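One structure is given here, and the rest of the page talks about it.
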Amino acid sequence: MKKRIIQFLTTYFLFVLLFVLQKPIFMVYYHDLYTNTSLGDYFRVVWHGLPLDLSLAGYLTAIPGILLIASAWTNSSILRRIRQGYFGIIAFAMACIFIIDLGLYGFWGFRLDATPIFYFFSSPKDAIASVSFWFVLLGILAILIYAAILYCIFYCVLIREKKPLKIPYRRQNVSLALLLLTAALFIPIRGGFSVSTMNLSKVYFSQDQRMNHAAINPAFSFMYSATHQNNFDKQYRFMDPKIADELFAEMVDKPVAATDSIPQLLNTQRPNIIFIILESFSTHLMETFGGQPNVAVNMDKFAKEGVLFSHFYGSSFRTDRGLASIISGYPGQPSTSIMKYPEKTDKLPSIPRSLKNAGYSLEYYYGGDADFTNMRSYLVSSGIEKIISDKDFPLSERTGKWGAQDHVLFQRLMKDLKEEKQEEPFLKIVQTSSSHEPFEVPFHRLDDKVLNSFAYADSCVGDFVKQYQETPLWKNTLFVLVPDHQGAYPYPIENPLDGQTIPLILIGGAIKQPLVIDTYASQIDIAATLLAQLGLPHDEFTFSKNILNPGSPHFAYFTRPDYFGMITADNQLVYNLDANTVQLDEGTAKGANLEKGKAFLQKLYDDLAKR
């Protein structure tokens, strides 16, 4: 009995030790983010991260516990082979999760969740397009080396037997003792006997979110995310449903009152519309917003010539969330992406479908893989009739990691505009891709590789707009320039608000006059605002608000995997969903948006469950 109990406890605490050691490795790897970290901070990260380590170690020790119980009844060699296979699988899984998390955190800014699985299986090529071949190769090599190290540790400590375990005389007593120990794993797995079960908030201890991130066990984060993907009506239950309904009713778009004056931005009722969705752009790249000068020079120019929305925010952090926000007025979700579920996106409203009903022809242009993150399924269900993607370009023009570079994409669009008879009015949506990792572009104006890629994308948009101005179509065209999300620059970002600010600019011959609109809004509000300008109904866009309607509530709302933000002129609030605490609260009416923000997210997940 003694040997089996020692082996059980050794198994459990070995897992704990390995998870503990991963934390300082993570912090050393990202030493630039932890430059002012003391030795005491390392110990605090390890200490506060223990609950997740103890919990996951409990999960991983359950099967070895059962095998030890079986060994009290048989000395079959099959048990030994099962143990070898089990620890081999665990070693490989632990290595994959740790190394992938280590590689992705620098790009995403949060610990590993189930998102990469969705991206990888929708398009493996695009999933790794952000990084170089050597980065991927080194990552694979690191996984294999780390897996081998882990297995060697498991083999030396747990698998190799100097003296094989004998079948005990009182096997019932041994089995009962081991069964009780295995059952006791429920305590660390659940996190004790309190009402709340183990979750990521257990390790949050600091006002510095990077310290909290370092304390998170990435394997637990991944497992928790993967097992909480579909129970949408159970997630983010902050308040009684009736209270959420009442608060949400105050946040939806309101009918235009007879006494209200709605600014008319357009000089025509049915303009041609070209959306240019700019990969990863932000206000930090524009001198107009106090950002970098001499980068997005064309966007700065357009900001002066057109309608600029000066307090505008991205809805989420990845393209799939951003597209649904722009096209369907549907907010990004922190724990999943609605694009994962074609049966749900089929039921979303969309700007293209509304315009199609008004007589518009529809086309989508993208230089990359339109199947990435189920994009094609979403676009088709949105009403898009024609999708131009990487497969429509010859191999010689697919020179970027994401497919055709931006200048090639715009050349194709201009060629089609000139050669094909345009059915007016039309909607064309162009999605750029070059201003994305690995930032390899055929353009060399700036020394900084990242800023240079944004300058390149900006130049491509500028060249296209300049050429388009020379066509007869210009006078009846509205351009909507908006990023899919903010990303890549600057990095790192201390203030979460700064991580969501993006420009929205309207230009074209269909614009009456230059204007700056200071109303707070986000991507989900584009749909209601645009359709209202066109005199088209937008009632089915539940979450979208007309930015120009003085009777509607005006706020920006955004989410990331670990927080939501609700921003108004008098309160800028960010709530951490992992720690269940207010992360940032600024303005003259502090705390005013807390319950509203919670209600908004709760109603979003109610809606997601019903789609």
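We label chains A, B, ... in the order they appear in the structure tokens, count residues from 1 in each chain, and number ligands from 1 in the order shown.
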Could you tell me, as a tab-separated table (two decimals) with N, CA and C atoms, in the first residue's frame, which residues of stretch 78-297 of chain A DSSP assigns to helix (DSSP H, G or I) when given the backbone?
```
chain	number	residue	atom	x	y	z
A	78	ILE	N	-0.05	-5.06	-19.59
A	78	ILE	CA	-0.91	-4.10	-20.30
A	78	ILE	C	-1.00	-2.78	-19.52
A	79	LEU	N	-1.07	-2.89	-18.19
A	79	LEU	CA	-1.13	-1.68	-17.37
A	79	LEU	C	0.10	-0.81	-17.57
A	80	ARG	N	1.26	-1.45	-17.66
A	80	ARG	CA	2.50	-0.70	-17.86
A	80	ARG	C	2.49	0.02	-19.21
A	81	ARG	N	1.99	-0.67	-20.23
A	81	ARG	CA	1.94	-0.03	-21.56
A	81	ARG	C	0.92	1.12	-21.58
A	82	ILE	N	-0.18	0.93	-20.86
A	82	ILE	CA	-1.17	2.03	-20.76
A	82	ILE	C	-0.55	3.25	-20.08
A	83	ARG	N	0.19	3.01	-19.00
A	83	ARG	CA	0.86	4.11	-18.29
A	83	ARG	C	1.84	4.82	-19.21
A	84	GLN	N	2.63	4.05	-19.95
A	84	GLN	CA	3.60	4.65	-20.87
A	84	GLN	C	2.89	5.50	-21.92
A	85	GLY	N	1.81	4.94	-22.48
A	85	GLY	CA	1.06	5.69	-23.48
A	85	GLY	C	0.44	6.95	-22.91
A	86	TYR	N	-0.12	6.83	-21.70
A	86	TYR	CA	-0.77	7.98	-21.08
A	86	TYR	C	0.22	9.11	-20.84
A	87	PHE	N	1.35	8.79	-20.22
A	87	PHE	CA	2.32	9.85	-19.93
A	87	PHE	C	2.98	10.38	-21.20
A	88	GLY	N	3.05	9.55	-22.25
A	88	GLY	CA	3.55	10.05	-23.52
A	88	GLY	C	2.61	11.07	-24.13
A	89	ILE	N	1.31	10.78	-24.08
A	89	ILE	CA	0.30	11.72	-24.60
A	89	ILE	C	0.29	13.01	-23.77
A	90	ILE	N	0.36	12.87	-22.45
A	90	ILE	CA	0.35	14.06	-21.59
A	90	ILE	C	1.60	14.91	-21.82
A	91	ALA	N	2.76	14.27	-21.98
A	91	ALA	CA	3.99	15.01	-22.24
A	91	ALA	C	3.88	15.81	-23.52
A	92	PHE	N	3.34	15.18	-24.56
A	92	PHE	CA	3.20	15.88	-25.85
A	92	PHE	C	2.17	17.00	-25.76
A	93	ALA	N	1.04	16.73	-25.10
A	93	ALA	CA	0.00	17.75	-24.97
A	93	ALA	C	0.49	18.95	-24.16
A	94	MET	N	1.18	18.68	-23.05
A	94	MET	CA	1.73	19.77	-22.23
A	94	MET	C	2.73	20.60	-23.01
A	95	ALA	N	3.56	19.92	-23.81
A	95	ALA	CA	4.56	20.63	-24.61
A	95	ALA	C	3.90	21.49	-25.67
A	96	CYS	N	2.89	20.94	-26.35
A	96	CYS	CA	2.19	21.71	-27.39
A	96	CYS	C	1.55	22.96	-26.80
A	97	ILE	N	0.83	22.78	-25.70
A	97	ILE	CA	0.12	23.90	-25.10
A	97	ILE	C	1.09	24.97	-24.61
A	98	PHE	N	2.14	24.56	-23.94
A	98	PHE	CA	3.08	25.54	-23.38
A	98	PHE	C	3.81	26.30	-24.48
A	99	ILE	N	4.31	25.60	-25.48
A	99	ILE	CA	5.08	26.27	-26.54
A	99	ILE	C	4.19	27.13	-27.42
A	100	ILE	N	2.99	26.64	-27.76
A	100	ILE	CA	2.07	27.43	-28.58
A	100	ILE	C	1.64	28.69	-27.81
A	101	ASP	N	1.35	28.52	-26.54
A	101	ASP	CA	1.00	29.68	-25.70
A	101	ASP	C	2.15	30.68	-25.66
A	102	LEU	N	3.36	30.16	-25.51
A	102	LEU	CA	4.53	31.02	-25.46
A	102	LEU	C	4.68	31.82	-26.75
A	103	GLY	N	4.39	31.18	-27.88
A	103	GLY	CA	4.52	31.85	-29.17
A	103	GLY	C	3.41	32.84	-29.45
A	104	LEU	N	2.17	32.51	-29.02
A	104	LEU	CA	1.03	33.34	-29.38
A	104	LEU	C	0.80	34.53	-28.45
A	105	TYR	N	1.27	34.44	-27.22
A	105	TYR	CA	0.99	35.53	-26.27
A	105	TYR	C	1.52	36.87	-26.79
A	106	GLY	N	2.66	36.84	-27.44
A	106	GLY	CA	3.23	38.07	-27.96
A	106	GLY	C	2.37	38.72	-29.03
A	107	PHE	N	1.55	37.90	-29.72
A	107	PHE	CA	0.67	38.43	-30.75
A	107	PHE	C	-0.69	38.83	-30.19
A	108	TRP	N	-1.20	38.04	-29.24
A	108	TRP	CA	-2.58	38.23	-28.80
A	108	TRP	C	-2.72	38.95	-27.48
A	115	THR	N	-9.42	29.32	-29.23
A	115	THR	CA	-9.49	30.03	-30.50
A	115	THR	C	-8.56	29.46	-31.57
A	116	PRO	N	-7.29	29.14	-31.26
A	116	PRO	CA	-6.40	28.64	-32.32
A	116	PRO	C	-6.90	27.39	-33.03
A	117	ILE	N	-7.66	26.55	-32.33
A	117	ILE	CA	-8.19	25.34	-32.96
A	117	ILE	C	-9.12	25.73	-34.10
A	118	PHE	N	-10.00	26.68	-33.84
A	118	PHE	CA	-10.93	27.17	-34.87
A	118	PHE	C	-10.17	27.74	-36.06
A	119	TYR	N	-9.17	28.57	-35.79
A	119	TYR	CA	-8.40	29.17	-36.87
A	119	TYR	C	-7.64	28.11	-37.66
A	120	PHE	N	-7.03	27.17	-36.96
A	120	PHE	CA	-6.18	26.18	-37.63
A	120	PHE	C	-7.01	25.26	-38.53
A	121	PHE	N	-8.12	24.77	-38.02
A	121	PHE	CA	-8.88	23.81	-38.81
A	121	PHE	C	-9.70	24.46	-39.92
A	122	SER	N	-9.96	25.76	-39.82
A	122	SER	CA	-10.65	26.44	-40.92
A	122	SER	C	-9.70	26.70	-42.08
A	124	PRO	N	-5.41	25.88	-42.21
A	124	PRO	CA	-4.08	25.74	-41.61
A	124	PRO	C	-3.06	26.71	-42.18
A	125	LYS	N	-3.13	26.97	-43.47
A	125	LYS	CA	-2.17	27.86	-44.12
A	125	LYS	C	-2.27	29.26	-43.55
A	126	ASP	N	-3.48	29.78	-43.44
A	126	ASP	CA	-3.65	31.13	-42.91
A	126	ASP	C	-3.38	31.20	-41.42
A	127	ALA	N	-3.63	30.10	-40.73
A	127	ALA	CA	-3.42	30.09	-39.28
A	127	ALA	C	-1.97	30.32	-38.91
A	133	PHE	N	8.50	30.87	-41.60
A	133	PHE	CA	8.75	29.44	-41.67
A	133	PHE	C	9.67	29.01	-40.53
A	134	TRP	N	10.69	29.81	-40.27
A	134	TRP	CA	11.66	29.46	-39.24
A	134	TRP	C	11.05	29.51	-37.84
A	135	PHE	N	10.13	30.45	-37.65
A	135	PHE	CA	9.44	30.54	-36.36
A	135	PHE	C	8.61	29.27	-36.12
A	136	VAL	N	7.91	28.82	-37.17
A	136	VAL	CA	7.12	27.60	-37.06
A	136	VAL	C	8.02	26.40	-36.83
A	137	LEU	N	9.12	26.34	-37.59
A	137	LEU	CA	10.05	25.21	-37.47
A	137	LEU	C	10.65	25.15	-36.07
A	138	LEU	N	11.07	26.30	-35.56
A	138	LEU	CA	11.64	26.35	-34.21
A	138	LEU	C	10.59	25.97	-33.16
A	139	GLY	N	9.34	26.38	-33.43
A	139	GLY	CA	8.26	26.03	-32.51
A	139	GLY	C	8.04	24.52	-32.46
A	140	ILE	N	8.01	23.89	-33.63
A	140	ILE	CA	7.83	22.44	-33.69
A	140	ILE	C	8.99	21.73	-33.00
A	141	LEU	N	10.20	22.23	-33.27
A	141	LEU	CA	11.39	21.64	-32.65
A	141	LEU	C	11.33	21.80	-31.12
A	142	ALA	N	10.91	22.97	-30.67
A	142	ALA	CA	10.80	23.22	-29.23
A	142	ALA	C	9.76	22.29	-28.59
A	143	ILE	N	8.65	22.07	-29.29
A	143	ILE	CA	7.62	21.15	-28.78
A	143	ILE	C	8.18	19.75	-28.62
A	144	LEU	N	8.88	19.28	-29.65
A	144	LEU	CA	9.43	17.92	-29.61
A	144	LEU	C	10.47	17.77	-28.50
A	145	ILE	N	11.33	18.79	-28.37
A	145	ILE	CA	12.37	18.73	-27.33
A	145	ILE	C	11.74	18.76	-25.94
A	146	TYR	N	10.78	19.68	-25.76
A	146	TYR	CA	10.14	19.79	-24.44
A	146	TYR	C	9.34	18.54	-24.12
A	147	ALA	N	8.65	17.98	-25.12
A	147	ALA	CA	7.90	16.74	-24.91
A	147	ALA	C	8.83	15.60	-24.51
A	148	ALA	N	10.00	15.54	-25.16
A	148	ALA	CA	10.98	14.49	-24.84
A	148	ALA	C	11.50	14.66	-23.41
A	149	ILE	N	11.76	15.91	-23.02
A	149	ILE	CA	12.23	16.18	-21.65
A	149	ILE	C	11.18	15.76	-20.63
A	150	LEU	N	9.92	16.15	-20.90
A	150	LEU	CA	8.85	15.79	-19.98
A	150	LEU	C	8.69	14.28	-19.87
A	151	TYR	N	8.76	13.60	-21.02
A	151	TYR	CA	8.58	12.14	-20.97
A	151	TYR	C	9.73	11.47	-20.22
A	152	CYS	N	10.93	12.00	-20.42
A	152	CYS	CA	12.07	11.45	-19.68
A	152	CYS	C	11.87	11.60	-18.17
A	153	ILE	N	11.34	12.75	-17.78
A	153	ILE	CA	11.06	12.98	-16.36
A	153	ILE	C	10.01	12.00	-15.87
A	154	PHE	N	8.93	11.87	-16.65
A	154	PHE	CA	7.88	10.93	-16.27
A	154	PHE	C	8.41	9.50	-16.20
A	155	TYR	N	9.26	9.16	-17.17
A	155	TYR	CA	9.78	7.79	-17.21
A	155	TYR	C	10.66	7.50	-15.99
A	156	CYS	N	11.57	8.43	-15.72
A	156	CYS	CA	12.51	8.21	-14.61
A	156	CYS	C	11.82	8.22	-13.25
A	157	VAL	N	10.82	9.07	-13.10
A	157	VAL	CA	10.19	9.23	-11.78
A	157	VAL	C	8.99	8.30	-11.59
A	158	LEU	N	8.21	8.08	-12.66
A	158	LEU	CA	6.93	7.40	-12.48
A	158	LEU	C	6.79	6.05	-13.21
A	159	ILE	N	7.44	5.91	-14.36
A	159	ILE	CA	7.20	4.72	-15.18
A	159	ILE	C	8.18	3.60	-14.87
A	171	ARG	N	-5.92	-6.64	-0.90
A	171	ARG	CA	-6.13	-5.76	-2.06
A	171	ARG	C	-7.36	-4.86	-1.90
A	172	GLN	N	-8.37	-5.36	-1.15
A	172	GLN	CA	-9.56	-4.51	-0.97
A	172	GLN	C	-9.21	-3.24	-0.20
A	173	ASN	N	-8.41	-3.38	0.83
A	173	ASN	CA	-8.02	-2.21	1.63
A	173	ASN	C	-7.18	-1.24	0.82
A	174	VAL	N	-6.23	-1.79	0.03
A	174	VAL	CA	-5.38	-0.96	-0.83
A	174	VAL	C	-6.24	-0.22	-1.86
A	175	SER	N	-7.16	-0.95	-2.47
A	175	SER	CA	-8.03	-0.34	-3.49
A	175	SER	C	-8.88	0.76	-2.88
A	176	LEU	N	-9.41	0.52	-1.69
A	176	LEU	CA	-10.25	1.52	-1.04
A	176	LEU	C	-9.45	2.78	-0.71
A	177	ALA	N	-8.21	2.59	-0.20
A	177	ALA	CA	-7.38	3.75	0.13
A	177	ALA	C	-7.06	4.57	-1.11
A	178	LEU	N	-6.71	3.89	-2.19
A	178	LEU	CA	-6.38	4.60	-3.44
A	178	LEU	C	-7.63	5.23	-4.06
A	179	LEU	N	-8.77	4.56	-3.89
A	179	LEU	CA	-10.01	5.12	-4.40
A	179	LEU	C	-10.36	6.41	-3.67
A	180	LEU	N	-10.15	6.42	-2.36
A	180	LEU	CA	-10.41	7.63	-1.58
A	180	LEU	C	-9.46	8.75	-1.97
A	181	LEU	N	-8.19	8.41	-2.19
A	181	LEU	CA	-7.22	9.43	-2.62
A	181	LEU	C	-7.60	9.99	-3.99
A	182	THR	N	-7.99	9.10	-4.90
A	182	THR	CA	-8.38	9.56	-6.24
A	182	THR	C	-9.64	10.42	-6.16
A	183	ALA	N	-10.57	10.01	-5.34
A	183	ALA	CA	-11.80	10.81	-5.17
A	183	ALA	C	-11.48	12.16	-4.54
A	184	ALA	N	-10.45	12.19	-3.67
A	184	ALA	CA	-10.07	13.44	-3.01
A	184	ALA	C	-9.52	14.47	-3.99
A	186	PHE	N	-11.02	15.60	-6.27
A	186	PHE	CA	-12.14	16.50	-6.52
A	186	PHE	C	-11.94	17.84	-5.82
A	187	ILE	N	-11.27	17.81	-4.68
A	187	ILE	CA	-11.10	19.04	-3.90
A	187	ILE	C	-10.24	20.06	-4.63
A	188	PRO	N	-8.98	19.72	-5.06
A	188	PRO	CA	-8.21	20.71	-5.81
A	188	PRO	C	-8.80	20.98	-7.20
A	189	ILE	N	-9.42	19.95	-7.81
A	189	ILE	CA	-10.02	20.16	-9.13
A	189	ILE	C	-11.10	21.23	-9.05
A	190	ARG	N	-11.94	21.13	-8.04
A	190	ARG	CA	-13.04	22.09	-7.90
A	190	ARG	C	-12.59	23.40	-7.27
A	200	LEU	N	-10.45	31.01	-13.89
A	200	LEU	CA	-9.25	31.83	-14.04
A	200	LEU	C	-9.16	32.95	-13.01
A	201	SER	N	-10.30	33.40	-12.50
A	201	SER	CA	-10.27	34.53	-11.56
A	201	SER	C	-9.55	34.18	-10.27
A	202	LYS	N	-9.40	32.89	-9.99
A	202	LYS	CA	-8.76	32.46	-8.74
A	202	LYS	C	-7.31	32.94	-8.63
A	203	VAL	N	-6.66	33.19	-9.78
A	203	VAL	CA	-5.23	33.52	-9.72
A	203	VAL	C	-4.97	35.02	-9.86
A	209	GLN	N	-2.03	43.65	-15.11
A	209	GLN	CA	-2.62	42.47	-15.75
A	209	GLN	C	-1.56	41.49	-16.26
A	210	ARG	N	-0.36	41.98	-16.54
A	210	ARG	CA	0.69	41.07	-17.02
A	210	ARG	C	1.10	40.09	-15.92
A	211	MET	N	1.08	40.54	-14.69
A	211	MET	CA	1.38	39.64	-13.58
A	211	MET	C	0.29	38.58	-13.45
A	212	ASN	N	-0.94	38.99	-13.61
A	212	ASN	CA	-2.04	38.03	-13.56
A	212	ASN	C	-1.94	37.02	-14.70
A	213	HIS	N	-1.60	37.52	-15.88
A	213	HIS	CA	-1.45	36.62	-17.03
A	213	HIS	C	-0.34	35.60	-16.79
A	214	ALA	N	0.74	36.04	-16.16
A	214	ALA	CA	1.86	35.13	-15.89
A	214	ALA	C	1.45	34.04	-14.91
A	215	ALA	N	0.49	34.32	-14.05
A	215	ALA	CA	0.06	33.34	-13.05
A	215	ALA	C	-0.88	32.29	-13.63
A	218	PRO	N	-1.62	27.92	-18.72
A	218	PRO	CA	-2.20	27.94	-20.07
A	218	PRO	C	-2.98	26.68	-20.41
A	219	ALA	N	-2.58	25.54	-19.84
A	219	ALA	CA	-3.31	24.30	-20.10
A	219	ALA	C	-4.71	24.36	-19.48
A	220	PHE	N	-4.82	24.93	-18.28
A	220	PHE	CA	-6.13	25.11	-17.65
A	220	PHE	C	-6.96	26.09	-18.46
A	221	SER	N	-6.34	27.20	-18.88
A	221	SER	CA	-7.04	28.20	-19.68
A	221	SER	C	-7.60	27.59	-20.95
A	222	PHE	N	-6.79	26.78	-21.61
A	222	PHE	CA	-7.21	26.12	-22.84
A	222	PHE	C	-8.36	25.15	-22.57
A	223	MET	N	-8.22	24.33	-21.53
A	223	MET	CA	-9.25	23.35	-21.20
A	223	MET	C	-10.56	24.05	-20.82
A	224	TYR	N	-10.46	25.09	-20.02
A	224	TYR	CA	-11.65	25.81	-19.57
A	224	TYR	C	-12.39	26.43	-20.76
A	225	SER	N	-11.62	27.03	-21.67
A	225	SER	CA	-12.21	27.65	-22.85
A	225	SER	C	-12.87	26.60	-23.74
A	226	ALA	N	-12.18	25.47	-23.95
A	226	ALA	CA	-12.68	24.42	-24.84
A	226	ALA	C	-13.96	23.79	-24.32
A	232	PHE	N	-23.99	28.85	-24.10
A	232	PHE	CA	-24.04	30.31	-24.10
A	232	PHE	C	-25.05	30.87	-23.09
A	233	ASP	N	-26.18	30.19	-22.91
A	233	ASP	CA	-27.19	30.70	-21.98
A	233	ASP	C	-26.78	30.54	-20.52
A	234	LYS	N	-25.61	29.90	-20.29
A	234	LYS	CA	-25.09	29.75	-18.92
A	234	LYS	C	-23.92	30.69	-18.65
A	241	PRO	N	-32.57	38.02	-15.07
A	241	PRO	CA	-32.91	38.31	-16.48
A	241	PRO	C	-33.82	39.53	-16.65
A	242	LYS	N	-34.73	39.74	-15.74
A	242	LYS	CA	-35.63	40.89	-15.86
A	242	LYS	C	-34.86	42.21	-15.74
A	243	ILE	N	-33.89	42.23	-14.83
A	243	ILE	CA	-33.09	43.45	-14.67
A	243	ILE	C	-32.24	43.68	-15.92
A	244	ALA	N	-31.68	42.59	-16.47
A	244	ALA	CA	-30.89	42.70	-17.70
A	244	ALA	C	-31.75	43.23	-18.83
A	245	ASP	N	-32.99	42.74	-18.93
A	245	ASP	CA	-33.91	43.21	-19.97
A	245	ASP	C	-34.17	44.71	-19.84
A	246	GLU	N	-34.40	45.15	-18.60
A	246	GLU	CA	-34.69	46.57	-18.36
A	246	GLU	C	-33.51	47.46	-18.72
A	247	LEU	N	-32.30	47.03	-18.31
A	247	LEU	CA	-31.11	47.82	-18.62
A	247	LEU	C	-30.83	47.83	-20.11
A	248	PHE	N	-31.01	46.66	-20.75
A	248	PHE	CA	-30.73	46.57	-22.18
A	248	PHE	C	-31.70	47.42	-23.00
A	249	ALA	N	-32.94	47.50	-22.53
A	249	ALA	CA	-33.94	48.31	-23.23
A	249	ALA	C	-33.52	49.77	-23.32
A	283	THR	N	-5.94	54.24	-34.49
A	283	THR	CA	-5.73	55.69	-34.42
A	283	THR	C	-4.27	56.03	-34.12
A	284	HIS	N	-3.53	55.09	-33.55
A	284	HIS	CA	-2.13	55.33	-33.18
A	284	HIS	C	-1.24	55.50	-34.40
A	285	LEU	N	-1.77	55.16	-35.56
A	285	LEU	CA	-0.99	55.28	-36.80
A	285	LEU	C	-1.28	56.60	-37.52
A	287	GLU	N	-1.64	60.78	-37.49
A	287	GLU	CA	-1.29	62.05	-36.85
A	287	GLU	C	-2.55	62.82	-36.46
A	288	THR	N	-3.65	62.57	-37.17
A	288	THR	CA	-4.93	63.21	-36.87
A	288	THR	C	-5.35	62.99	-35.43
A	289	PHE	N	-5.04	61.81	-34.90
A	289	PHE	CA	-5.42	61.44	-33.54
A	289	PHE	C	-4.26	61.59	-32.55
A	297	VAL	N	-0.50	58.46	-44.15
A	297	VAL	CA	-0.64	59.83	-44.68
A	297	VAL	C	-1.93	60.00	-45.47
```
Write down as a tab-separated table (two decimals) with N, CA, C and O atoms, in the first residue's frame the residues belonging to stretch 340-508 of chain A that are assigned strand (DSSP E or B) by DSSP computed on the backbone.
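states.tsv was written with the following content:
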```
chain	number	residue	atom	x	y	z
A	361	SER	N	-26.14	45.42	-56.17
A	361	SER	CA	-25.35	44.23	-56.49
A	361	SER	C	-24.21	44.16	-55.47
A	361	SER	O	-23.75	45.19	-54.97
A	362	LEU	N	-23.76	42.94	-55.18
A	362	LEU	CA	-22.84	42.75	-54.06
A	362	LEU	C	-21.59	41.98	-54.49
A	362	LEU	O	-21.69	40.94	-55.15
A	363	GLU	N	-20.42	42.46	-54.06
A	363	GLU	CA	-19.16	41.76	-54.33
A	363	GLU	C	-18.21	41.93	-53.15
A	363	GLU	O	-18.23	42.98	-52.48
A	364	TYR	N	-17.40	40.91	-52.94
A	364	TYR	CA	-16.42	40.94	-51.84
A	364	TYR	C	-15.04	40.63	-52.41
A	364	TYR	O	-14.87	39.65	-53.15
A	365	TYR	N	-14.05	41.46	-52.06
A	365	TYR	CA	-12.68	41.29	-52.55
A	365	TYR	C	-11.73	41.09	-51.37
A	365	TYR	O	-11.68	41.89	-50.44
A	366	TYR	N	-10.98	39.99	-51.46
A	366	TYR	CA	-10.02	39.67	-50.40
A	366	TYR	C	-8.87	38.90	-51.03
A	366	TYR	O	-9.10	37.95	-51.79
A	386	LYS	N	-20.80	37.52	-55.12
A	386	LYS	CA	-19.54	37.21	-55.79
A	386	LYS	C	-18.40	37.47	-54.82
A	386	LYS	O	-18.28	38.56	-54.26
A	387	ILE	N	-17.55	36.46	-54.62
A	387	ILE	CA	-16.41	36.57	-53.71
A	387	ILE	C	-15.13	36.36	-54.49
A	387	ILE	O	-14.91	35.30	-55.08
A	388	ILE	N	-14.28	37.37	-54.51
A	388	ILE	CA	-12.96	37.27	-55.13
A	388	ILE	C	-11.96	37.02	-54.00
A	388	ILE	O	-11.85	37.84	-53.09
A	400	GLY	N	2.35	37.27	-51.04
A	400	GLY	CA	2.33	37.52	-49.60
A	400	GLY	C	2.02	36.26	-48.83
A	400	GLY	O	1.50	35.28	-49.38
A	403	GLY	N	-1.54	35.70	-49.17
A	403	GLY	CA	-2.09	35.60	-50.52
A	403	GLY	C	-1.64	36.78	-51.36
A	403	GLY	O	-0.47	37.17	-51.34
A	426	PHE	N	-24.14	49.67	-56.45
A	426	PHE	CA	-23.42	48.46	-56.06
A	426	PHE	C	-22.78	48.64	-54.68
A	426	PHE	O	-22.51	49.76	-54.23
A	427	LEU	N	-22.55	47.51	-54.03
A	427	LEU	CA	-21.78	47.44	-52.79
A	427	LEU	C	-20.58	46.55	-53.06
A	427	LEU	O	-20.73	45.41	-53.48
A	428	LYS	N	-19.40	47.08	-52.82
A	428	LYS	CA	-18.18	46.29	-52.91
A	428	LYS	C	-17.45	46.40	-51.57
A	428	LYS	O	-17.24	47.50	-51.08
A	429	ILE	N	-17.11	45.26	-51.03
A	429	ILE	CA	-16.37	45.23	-49.76
A	429	ILE	C	-14.97	44.72	-50.05
A	429	ILE	O	-14.80	43.64	-50.64
A	430	VAL	N	-13.98	45.50	-49.66
A	430	VAL	CA	-12.58	45.13	-49.89
A	430	VAL	C	-11.92	44.93	-48.53
A	430	VAL	O	-11.95	45.82	-47.68
A	431	GLN	N	-11.32	43.79	-48.35
A	431	GLN	CA	-10.63	43.48	-47.09
A	431	GLN	C	-9.14	43.35	-47.35
A	431	GLN	O	-8.70	42.48	-48.09
A	477	THR	N	-20.41	57.85	-55.26
A	477	THR	CA	-19.86	56.75	-54.47
A	477	THR	C	-19.54	57.20	-53.04
A	477	THR	O	-19.00	58.29	-52.83
A	478	LEU	N	-19.86	56.33	-52.11
A	478	LEU	CA	-19.50	56.51	-50.70
A	478	LEU	C	-18.47	55.46	-50.33
A	478	LEU	O	-18.69	54.27	-50.51
A	479	PHE	N	-17.33	55.91	-49.82
A	479	PHE	CA	-16.30	55.01	-49.29
A	479	PHE	C	-16.45	54.96	-47.77
A	479	PHE	O	-16.53	56.00	-47.12
A	480	VAL	N	-16.46	53.76	-47.23
A	480	VAL	CA	-16.46	53.56	-45.78
A	480	VAL	C	-15.13	52.92	-45.42
A	480	VAL	O	-14.86	51.77	-45.76
A	481	LEU	N	-14.28	53.68	-44.75
A	481	LEU	CA	-12.95	53.20	-44.37
A	481	LEU	C	-12.96	52.86	-42.89
A	481	LEU	O	-13.16	53.73	-42.03
A	482	VAL	N	-12.75	51.58	-42.58
A	482	VAL	CA	-12.79	51.14	-41.18
A	482	VAL	C	-11.90	49.92	-41.01
A	482	VAL	O	-11.86	49.05	-41.86
A	483	PRO	N	-11.15	49.84	-39.92
A	483	PRO	CA	-10.35	48.63	-39.67
A	483	PRO	C	-11.23	47.47	-39.21
A	483	PRO	O	-12.35	47.68	-38.72
A	501	THR	N	-9.09	51.70	-29.96
A	501	THR	CA	-9.43	52.90	-30.71
A	501	THR	C	-9.06	52.76	-32.18
A	501	THR	O	-7.92	52.48	-32.52
A	504	LEU	N	-12.98	55.66	-38.13
A	504	LEU	CA	-14.05	55.44	-39.10
A	504	LEU	C	-14.14	56.71	-39.93
A	504	LEU	O	-14.37	57.79	-39.39
A	505	ILE	N	-13.94	56.57	-41.22
A	505	ILE	CA	-13.91	57.74	-42.11
A	505	ILE	C	-14.80	57.46	-43.31
A	505	ILE	O	-14.72	56.39	-43.93
A	506	LEU	N	-15.66	58.42	-43.65
A	506	LEU	CA	-16.48	58.35	-44.85
A	506	LEU	C	-15.98	59.39	-45.85
A	506	LEU	O	-15.84	60.57	-45.50
A	507	ILE	N	-15.69	58.96	-47.07
A	507	ILE	CA	-15.26	59.89	-48.11
A	507	ILE	C	-16.00	59.56	-49.40
A	507	ILE	O	-16.77	58.60	-49.47
```
